[in-house]
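What follows is protein.cif (mmCIF, N, CA and C atoms).
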```
data_protein
#
loop_
_atom_site.label_atom_id
_atom_site.label_comp_id
_atom_site.auth_asym_id
_atom_site.auth_seq_id
_atom_site.Cartn_x
_atom_site.Cartn_y
_atom_site.Cartn_z
N GLN A 1 170.44 47.55 148.64
CA GLN A 1 170.24 48.52 149.71
C GLN A 1 168.77 48.53 150.11
N VAL A 2 168.52 48.60 151.40
CA VAL A 2 167.15 48.57 151.90
C VAL A 2 166.45 49.87 151.55
N GLN A 3 165.23 49.73 151.06
CA GLN A 3 164.40 50.90 150.79
C GLN A 3 163.10 50.76 151.56
N LEU A 4 162.40 51.88 151.65
CA LEU A 4 161.08 51.86 152.27
C LEU A 4 160.03 51.74 151.17
N VAL A 5 159.00 50.96 151.44
CA VAL A 5 157.95 50.72 150.48
C VAL A 5 156.63 51.23 151.03
N GLU A 6 156.08 52.23 150.34
CA GLU A 6 154.79 52.80 150.76
C GLU A 6 153.66 52.12 150.01
N SER A 7 152.49 52.11 150.63
CA SER A 7 151.29 51.61 149.98
C SER A 7 150.08 52.33 150.55
N GLY A 8 148.96 52.24 149.83
CA GLY A 8 147.72 52.79 150.33
C GLY A 8 147.25 54.07 149.67
N GLY A 9 148.07 54.63 148.79
CA GLY A 9 147.64 55.84 148.11
C GLY A 9 146.56 55.56 147.09
N GLY A 10 146.01 56.63 146.53
CA GLY A 10 144.98 56.46 145.51
C GLY A 10 144.18 57.71 145.31
N LEU A 11 143.05 57.54 144.64
CA LEU A 11 142.13 58.64 144.35
C LEU A 11 140.92 58.53 145.27
N VAL A 12 140.57 59.64 145.90
CA VAL A 12 139.44 59.65 146.82
C VAL A 12 138.72 60.98 146.71
N GLN A 13 137.43 60.97 146.98
CA GLN A 13 136.68 62.22 146.98
C GLN A 13 136.91 62.99 148.27
N ALA A 14 136.74 64.29 148.19
CA ALA A 14 136.86 65.12 149.37
C ALA A 14 135.93 64.60 150.47
N GLY A 15 136.46 64.57 151.69
CA GLY A 15 135.72 64.04 152.81
C GLY A 15 135.98 62.57 153.08
N GLY A 16 136.65 61.92 152.15
CA GLY A 16 136.95 60.51 152.29
C GLY A 16 138.18 60.24 153.13
N SER A 17 138.56 58.96 153.19
CA SER A 17 139.68 58.52 154.01
C SER A 17 140.60 57.60 153.23
N LEU A 18 141.86 57.63 153.63
CA LEU A 18 142.86 56.69 153.12
C LEU A 18 143.80 56.34 154.27
N ARG A 19 144.40 55.16 154.18
CA ARG A 19 145.39 54.75 155.16
C ARG A 19 146.66 54.35 154.43
N LEU A 20 147.73 55.06 154.73
CA LEU A 20 149.03 54.77 154.13
C LEU A 20 149.84 53.88 155.06
N SER A 21 150.65 53.02 154.46
CA SER A 21 151.55 52.16 155.22
C SER A 21 152.94 52.27 154.62
N CYS A 22 153.94 52.03 155.44
CA CYS A 22 155.33 52.09 154.97
C CYS A 22 156.16 51.09 155.76
N ALA A 23 156.87 50.23 155.06
CA ALA A 23 157.70 49.22 155.71
C ALA A 23 158.99 49.05 154.92
N PRO A 24 160.04 48.60 155.54
CA PRO A 24 161.30 48.41 154.84
C PRO A 24 161.28 47.16 153.95
N SER A 25 162.07 47.19 152.88
CA SER A 25 162.13 46.05 151.96
C SER A 25 163.03 44.94 152.49
N GLY A 26 163.80 45.24 153.53
CA GLY A 26 164.68 44.25 154.12
C GLY A 26 164.94 44.56 155.57
N SER A 27 165.97 43.94 156.09
CA SER A 27 166.29 44.12 157.50
C SER A 27 167.01 45.45 157.73
N ILE A 28 166.56 46.19 158.75
CA ILE A 28 167.22 47.43 159.13
C ILE A 28 167.37 47.47 160.64
N GLY A 29 168.18 48.37 161.13
CA GLY A 29 168.41 48.49 162.56
C GLY A 29 167.31 49.27 163.25
N SER A 30 167.62 49.68 164.46
CA SER A 30 166.65 50.39 165.27
C SER A 30 166.32 51.75 164.64
N ILE A 31 165.06 52.12 164.69
CA ILE A 31 164.61 53.37 164.09
C ILE A 31 164.09 54.30 165.18
N ASN A 32 164.65 55.50 165.23
CA ASN A 32 164.21 56.47 166.23
C ASN A 32 162.92 57.18 165.80
N VAL A 33 162.96 57.76 164.64
CA VAL A 33 161.83 58.57 164.17
C VAL A 33 161.31 58.01 162.85
N MET A 34 160.00 57.95 162.76
CA MET A 34 159.33 57.63 161.50
C MET A 34 158.44 58.82 161.15
N ALA A 35 158.40 59.15 159.88
CA ALA A 35 157.66 60.36 159.50
C ALA A 35 157.07 60.21 158.11
N TRP A 36 156.09 61.07 157.86
CA TRP A 36 155.47 61.19 156.54
C TRP A 36 155.67 62.63 156.05
N TYR A 37 156.06 62.75 154.80
CA TYR A 37 156.20 64.04 154.14
C TYR A 37 155.24 64.06 152.94
N ARG A 38 154.94 65.26 152.51
CA ARG A 38 154.06 65.43 151.35
C ARG A 38 154.67 66.46 150.41
N GLN A 39 154.60 66.15 149.13
CA GLN A 39 155.06 67.10 148.13
C GLN A 39 153.94 67.32 147.12
N ALA A 40 153.38 68.53 147.16
CA ALA A 40 152.34 68.90 146.20
C ALA A 40 153.01 69.35 144.89
N PRO A 41 152.29 69.30 143.79
CA PRO A 41 152.87 69.70 142.50
C PRO A 41 153.45 71.10 142.55
N GLY A 42 154.71 71.23 142.16
CA GLY A 42 155.36 72.53 142.10
C GLY A 42 155.79 73.09 143.44
N LYS A 43 155.68 72.29 144.50
CA LYS A 43 156.02 72.79 145.84
C LYS A 43 157.10 71.92 146.48
N GLN A 44 157.64 72.38 147.58
CA GLN A 44 158.68 71.62 148.27
C GLN A 44 158.05 70.50 149.09
N ARG A 45 158.89 69.58 149.49
CA ARG A 45 158.45 68.47 150.32
C ARG A 45 158.34 68.95 151.77
N ASP A 46 157.19 68.80 152.37
CA ASP A 46 156.94 69.29 153.73
C ASP A 46 156.58 68.14 154.67
N LEU A 47 156.94 68.31 155.92
CA LEU A 47 156.59 67.33 156.94
C LEU A 47 155.08 67.35 157.20
N VAL A 48 154.48 66.16 157.21
CA VAL A 48 153.06 66.03 157.54
C VAL A 48 152.90 65.57 158.99
N ALA A 49 153.65 64.54 159.37
CA ALA A 49 153.55 64.00 160.72
C ALA A 49 154.78 63.18 161.03
N GLY A 50 155.13 63.13 162.30
CA GLY A 50 156.26 62.33 162.74
C GLY A 50 155.94 61.65 164.06
N ILE A 51 156.65 60.54 164.34
CA ILE A 51 156.43 59.80 165.57
C ILE A 51 157.75 59.21 166.04
N THR A 52 158.04 59.35 167.33
CA THR A 52 159.26 58.80 167.89
C THR A 52 159.05 57.34 168.28
N ARG A 53 160.14 56.69 168.64
CA ARG A 53 160.05 55.29 169.04
C ARG A 53 159.18 55.14 170.28
N GLY A 54 159.17 56.18 171.12
CA GLY A 54 158.37 56.15 172.34
C GLY A 54 156.91 56.55 172.13
N GLY A 55 156.58 56.96 170.91
CA GLY A 55 155.18 57.26 170.61
C GLY A 55 154.81 58.73 170.63
N MET A 56 155.77 59.61 170.83
CA MET A 56 155.46 61.04 170.77
C MET A 56 155.25 61.44 169.32
N THR A 57 154.22 62.26 169.09
CA THR A 57 153.85 62.63 167.73
C THR A 57 153.86 64.13 167.54
N ASN A 58 154.03 64.53 166.29
CA ASN A 58 153.83 65.93 165.93
C ASN A 58 153.21 65.97 164.54
N TYR A 59 152.43 67.02 164.30
CA TYR A 59 151.68 67.14 163.06
C TYR A 59 151.80 68.54 162.49
N ALA A 60 151.73 68.64 161.18
CA ALA A 60 151.58 69.93 160.54
C ALA A 60 150.23 70.50 160.94
N ASP A 61 150.17 71.82 161.09
CA ASP A 61 148.91 72.44 161.52
C ASP A 61 147.76 72.11 160.58
N SER A 62 148.07 71.96 159.30
CA SER A 62 147.02 71.76 158.30
C SER A 62 146.34 70.40 158.41
N VAL A 63 146.95 69.45 159.13
CA VAL A 63 146.36 68.12 159.22
C VAL A 63 145.94 67.74 160.64
N LYS A 64 146.20 68.60 161.60
CA LYS A 64 145.85 68.29 162.98
C LYS A 64 144.35 68.02 163.10
N GLY A 65 144.01 66.96 163.81
CA GLY A 65 142.61 66.61 164.00
C GLY A 65 142.04 65.76 162.88
N ARG A 66 142.77 65.62 161.78
CA ARG A 66 142.28 64.81 160.65
C ARG A 66 143.17 63.61 160.37
N PHE A 67 144.47 63.75 160.58
CA PHE A 67 145.42 62.67 160.31
C PHE A 67 145.95 62.11 161.62
N THR A 68 146.24 60.81 161.61
CA THR A 68 146.83 60.15 162.77
C THR A 68 147.98 59.27 162.31
N ILE A 69 149.15 59.51 162.90
CA ILE A 69 150.31 58.68 162.61
C ILE A 69 150.47 57.66 163.72
N SER A 70 150.86 56.45 163.34
CA SER A 70 151.11 55.39 164.33
C SER A 70 152.22 54.49 163.79
N ARG A 71 152.77 53.68 164.67
CA ARG A 71 153.86 52.81 164.25
C ARG A 71 153.81 51.49 164.99
N ASP A 72 154.35 50.48 164.34
CA ASP A 72 154.49 49.16 164.95
C ASP A 72 155.99 48.90 165.00
N ASN A 73 156.57 49.01 166.18
CA ASN A 73 158.03 48.89 166.30
C ASN A 73 158.51 47.47 165.96
N ALA A 74 157.74 46.48 166.28
CA ALA A 74 158.14 45.11 165.98
C ALA A 74 158.21 44.88 164.47
N LYS A 75 157.28 45.45 163.74
CA LYS A 75 157.26 45.28 162.29
C LYS A 75 158.03 46.38 161.57
N LYS A 76 158.51 47.37 162.33
CA LYS A 76 159.18 48.53 161.74
C LYS A 76 158.30 49.11 160.61
N THR A 77 157.07 49.35 160.94
CA THR A 77 156.09 49.87 159.99
C THR A 77 155.44 51.13 160.57
N VAL A 78 155.20 52.08 159.69
CA VAL A 78 154.52 53.31 160.10
C VAL A 78 153.26 53.46 159.26
N TYR A 79 152.23 54.02 159.87
CA TYR A 79 150.95 54.20 159.22
C TYR A 79 150.54 55.67 159.29
N LEU A 80 149.73 56.06 158.33
CA LEU A 80 149.13 57.40 158.37
C LEU A 80 147.66 57.25 158.01
N GLN A 81 146.81 57.42 159.01
CA GLN A 81 145.37 57.40 158.78
C GLN A 81 144.93 58.81 158.44
N MET A 82 144.35 58.97 157.26
CA MET A 82 143.94 60.30 156.78
C MET A 82 142.44 60.33 156.63
N ASN A 83 141.80 61.16 157.43
CA ASN A 83 140.34 61.31 157.38
C ASN A 83 139.99 62.72 156.93
N SER A 84 138.75 62.89 156.55
CA SER A 84 138.25 64.21 156.12
C SER A 84 139.20 64.85 155.11
N LEU A 85 139.57 64.10 154.13
CA LEU A 85 140.55 64.57 153.15
C LEU A 85 140.03 65.75 152.35
N LYS A 86 140.96 66.65 152.02
CA LYS A 86 140.64 67.86 151.27
C LYS A 86 141.46 67.86 149.97
N PRO A 87 141.00 68.58 148.97
CA PRO A 87 141.79 68.65 147.72
C PRO A 87 143.22 69.13 147.96
N GLU A 88 143.42 70.00 148.93
CA GLU A 88 144.78 70.49 149.20
C GLU A 88 145.68 69.44 149.86
N ASP A 89 145.14 68.29 150.19
CA ASP A 89 145.97 67.18 150.68
C ASP A 89 146.60 66.40 149.53
N THR A 90 146.23 66.73 148.32
CA THR A 90 146.78 66.05 147.14
C THR A 90 148.28 66.23 147.05
N GLY A 91 148.97 65.14 146.73
CA GLY A 91 150.41 65.19 146.55
C GLY A 91 151.00 63.80 146.61
N VAL A 92 152.31 63.76 146.51
CA VAL A 92 153.03 62.50 146.68
C VAL A 92 153.48 62.42 148.14
N TYR A 93 153.15 61.33 148.77
CA TYR A 93 153.47 61.13 150.18
C TYR A 93 154.67 60.20 150.30
N TYR A 94 155.66 60.66 151.04
CA TYR A 94 156.89 59.91 151.24
C TYR A 94 157.05 59.56 152.72
N CYS A 95 157.50 58.36 152.99
CA CYS A 95 157.83 58.04 154.38
C CYS A 95 159.35 58.14 154.56
N GLN A 96 159.73 58.44 155.78
CA GLN A 96 161.13 58.60 156.15
C GLN A 96 161.37 57.91 157.47
N PHE A 97 162.47 57.16 157.55
CA PHE A 97 162.91 56.59 158.81
C PHE A 97 164.26 57.21 159.16
N VAL A 98 164.45 57.54 160.42
CA VAL A 98 165.75 58.04 160.89
C VAL A 98 166.29 57.05 161.91
N GLY A 99 167.44 56.47 161.60
CA GLY A 99 168.02 55.45 162.46
C GLY A 99 168.76 56.04 163.65
N THR A 100 169.31 55.16 164.45
CA THR A 100 169.96 55.53 165.70
C THR A 100 171.08 56.55 165.49
N TYR A 101 171.84 56.40 164.45
CA TYR A 101 172.97 57.30 164.19
C TYR A 101 172.63 58.36 163.15
N GLY A 102 171.37 58.60 162.95
CA GLY A 102 170.95 59.66 162.05
C GLY A 102 170.84 59.27 160.59
N PHE A 103 171.09 58.00 160.29
CA PHE A 103 170.97 57.58 158.89
C PHE A 103 169.51 57.63 158.47
N GLU A 104 169.27 58.15 157.26
CA GLU A 104 167.90 58.32 156.78
C GLU A 104 167.58 57.31 155.68
N TYR A 105 166.38 56.77 155.76
CA TYR A 105 165.82 55.94 154.71
C TYR A 105 164.60 56.68 154.16
N TRP A 106 164.41 56.57 152.84
CA TRP A 106 163.26 57.21 152.20
C TRP A 106 162.55 56.21 151.29
N GLY A 107 161.25 56.41 151.16
CA GLY A 107 160.49 55.62 150.21
C GLY A 107 160.42 56.32 148.87
N GLN A 108 159.83 55.63 147.90
CA GLN A 108 159.72 56.18 146.55
C GLN A 108 158.51 57.09 146.39
N GLY A 109 157.62 57.05 147.36
CA GLY A 109 156.45 57.91 147.32
C GLY A 109 155.21 57.20 146.81
N THR A 110 154.07 57.64 147.33
CA THR A 110 152.79 57.12 146.86
C THR A 110 151.86 58.31 146.61
N GLN A 111 151.16 58.27 145.49
CA GLN A 111 150.33 59.40 145.09
C GLN A 111 148.98 59.36 145.81
N VAL A 112 148.62 60.50 146.35
CA VAL A 112 147.29 60.69 146.93
C VAL A 112 146.62 61.84 146.18
N THR A 113 145.47 61.56 145.62
CA THR A 113 144.72 62.57 144.89
C THR A 113 143.33 62.69 145.49
N VAL A 114 142.97 63.91 145.89
CA VAL A 114 141.66 64.16 146.49
C VAL A 114 140.88 65.06 145.54
N SER A 115 139.78 64.53 145.05
CA SER A 115 138.96 65.29 144.10
C SER A 115 137.88 66.07 144.85
N SER A 116 137.53 67.23 144.29
CA SER A 116 136.52 68.08 144.95
C SER A 116 135.12 67.74 144.49
#
```
Represent the structure of the file as C-alpha cells.
Amino acid sequence: QVQLVESGGGLVQAGGSLRLSCAPSGSIGSINVMAWYRQAPGKQRDLVAGITRGGMTNYADSVKGRFTISRDNAKKTVYLQMNSLKPEDTGVYYCQFVGTYGFEYWGQGTQVTVSS
C-alpha cells in the first residue's frame, strides 16, 4: 500500500528554519488537497497548513507569516518551509493527501524540535 514519506525534520534553535518534504512511496492518483498537521506532546493533531491543487492555501493562525506551504503537482510532493521557528512549534509533523474521491493518505511523521 502506498504511504507518504516525510523528510526534513530535526533539531533547530529558536529563530531557525527547516524545510519539510512529503512524497508518496509509489504511484497514486490525482490529489486534491495536500496538508501538514502537527502533534505536540500530549496534544491532539492539528492542521498547520493546507494547499489545494489550484494553489489556494490556508494556515493556522499560529504560523501565518512564518510558514509557507507549496506543492509540485507533477511530482505529487508537498513542502513546508518553516522560518522563525519557536519552541511551541515542536512536535511531530504529518503530511496528508486527500484524493479525488476523498481517500486519505498519511505519512508516518517527522519530528521537529525547536530549542530555546
(Q) On this structure, the PyMOL selection byres (((chain A and resi 25 and name CA) around 6) and name CA) would catch which residues? List them as number ranges by chain, sorted by chain and number. (A) A: 2-4, 24, 26
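Run against this file, the PyMOL selection byres (((chain A and resi 71 and name CA) around 9) and name CA) gives back Met34, Ile51, Thr52, Arg53, Gly55, Ile69, Ser70, Asp72, Asn73, Ala74, Lys75, Lys76, Thr77, Val78, Tyr79 and Leu80 of chain A.
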**Q.** Near-Ala60 of chain A list (6 Å; only N, CA and C atoms; drop same-chain fewer than 5 positions) as number ranges by chain
**A.** A: 47-49
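The smallest atom-to-atom distance between Tyr93 of chain A and any of A:Gln39, A:Ser7, A:Gly29, A:Thr113, using only N, CA and C atoms, is found for A:Gln39.
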Q.
Between atom CA of Tyr94 of chain A and atom CA of Ala40 of chain A, what is the distance in Å, rounded to a tenth?
A.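 Here the two named atoms are 11.3 Å from each other.
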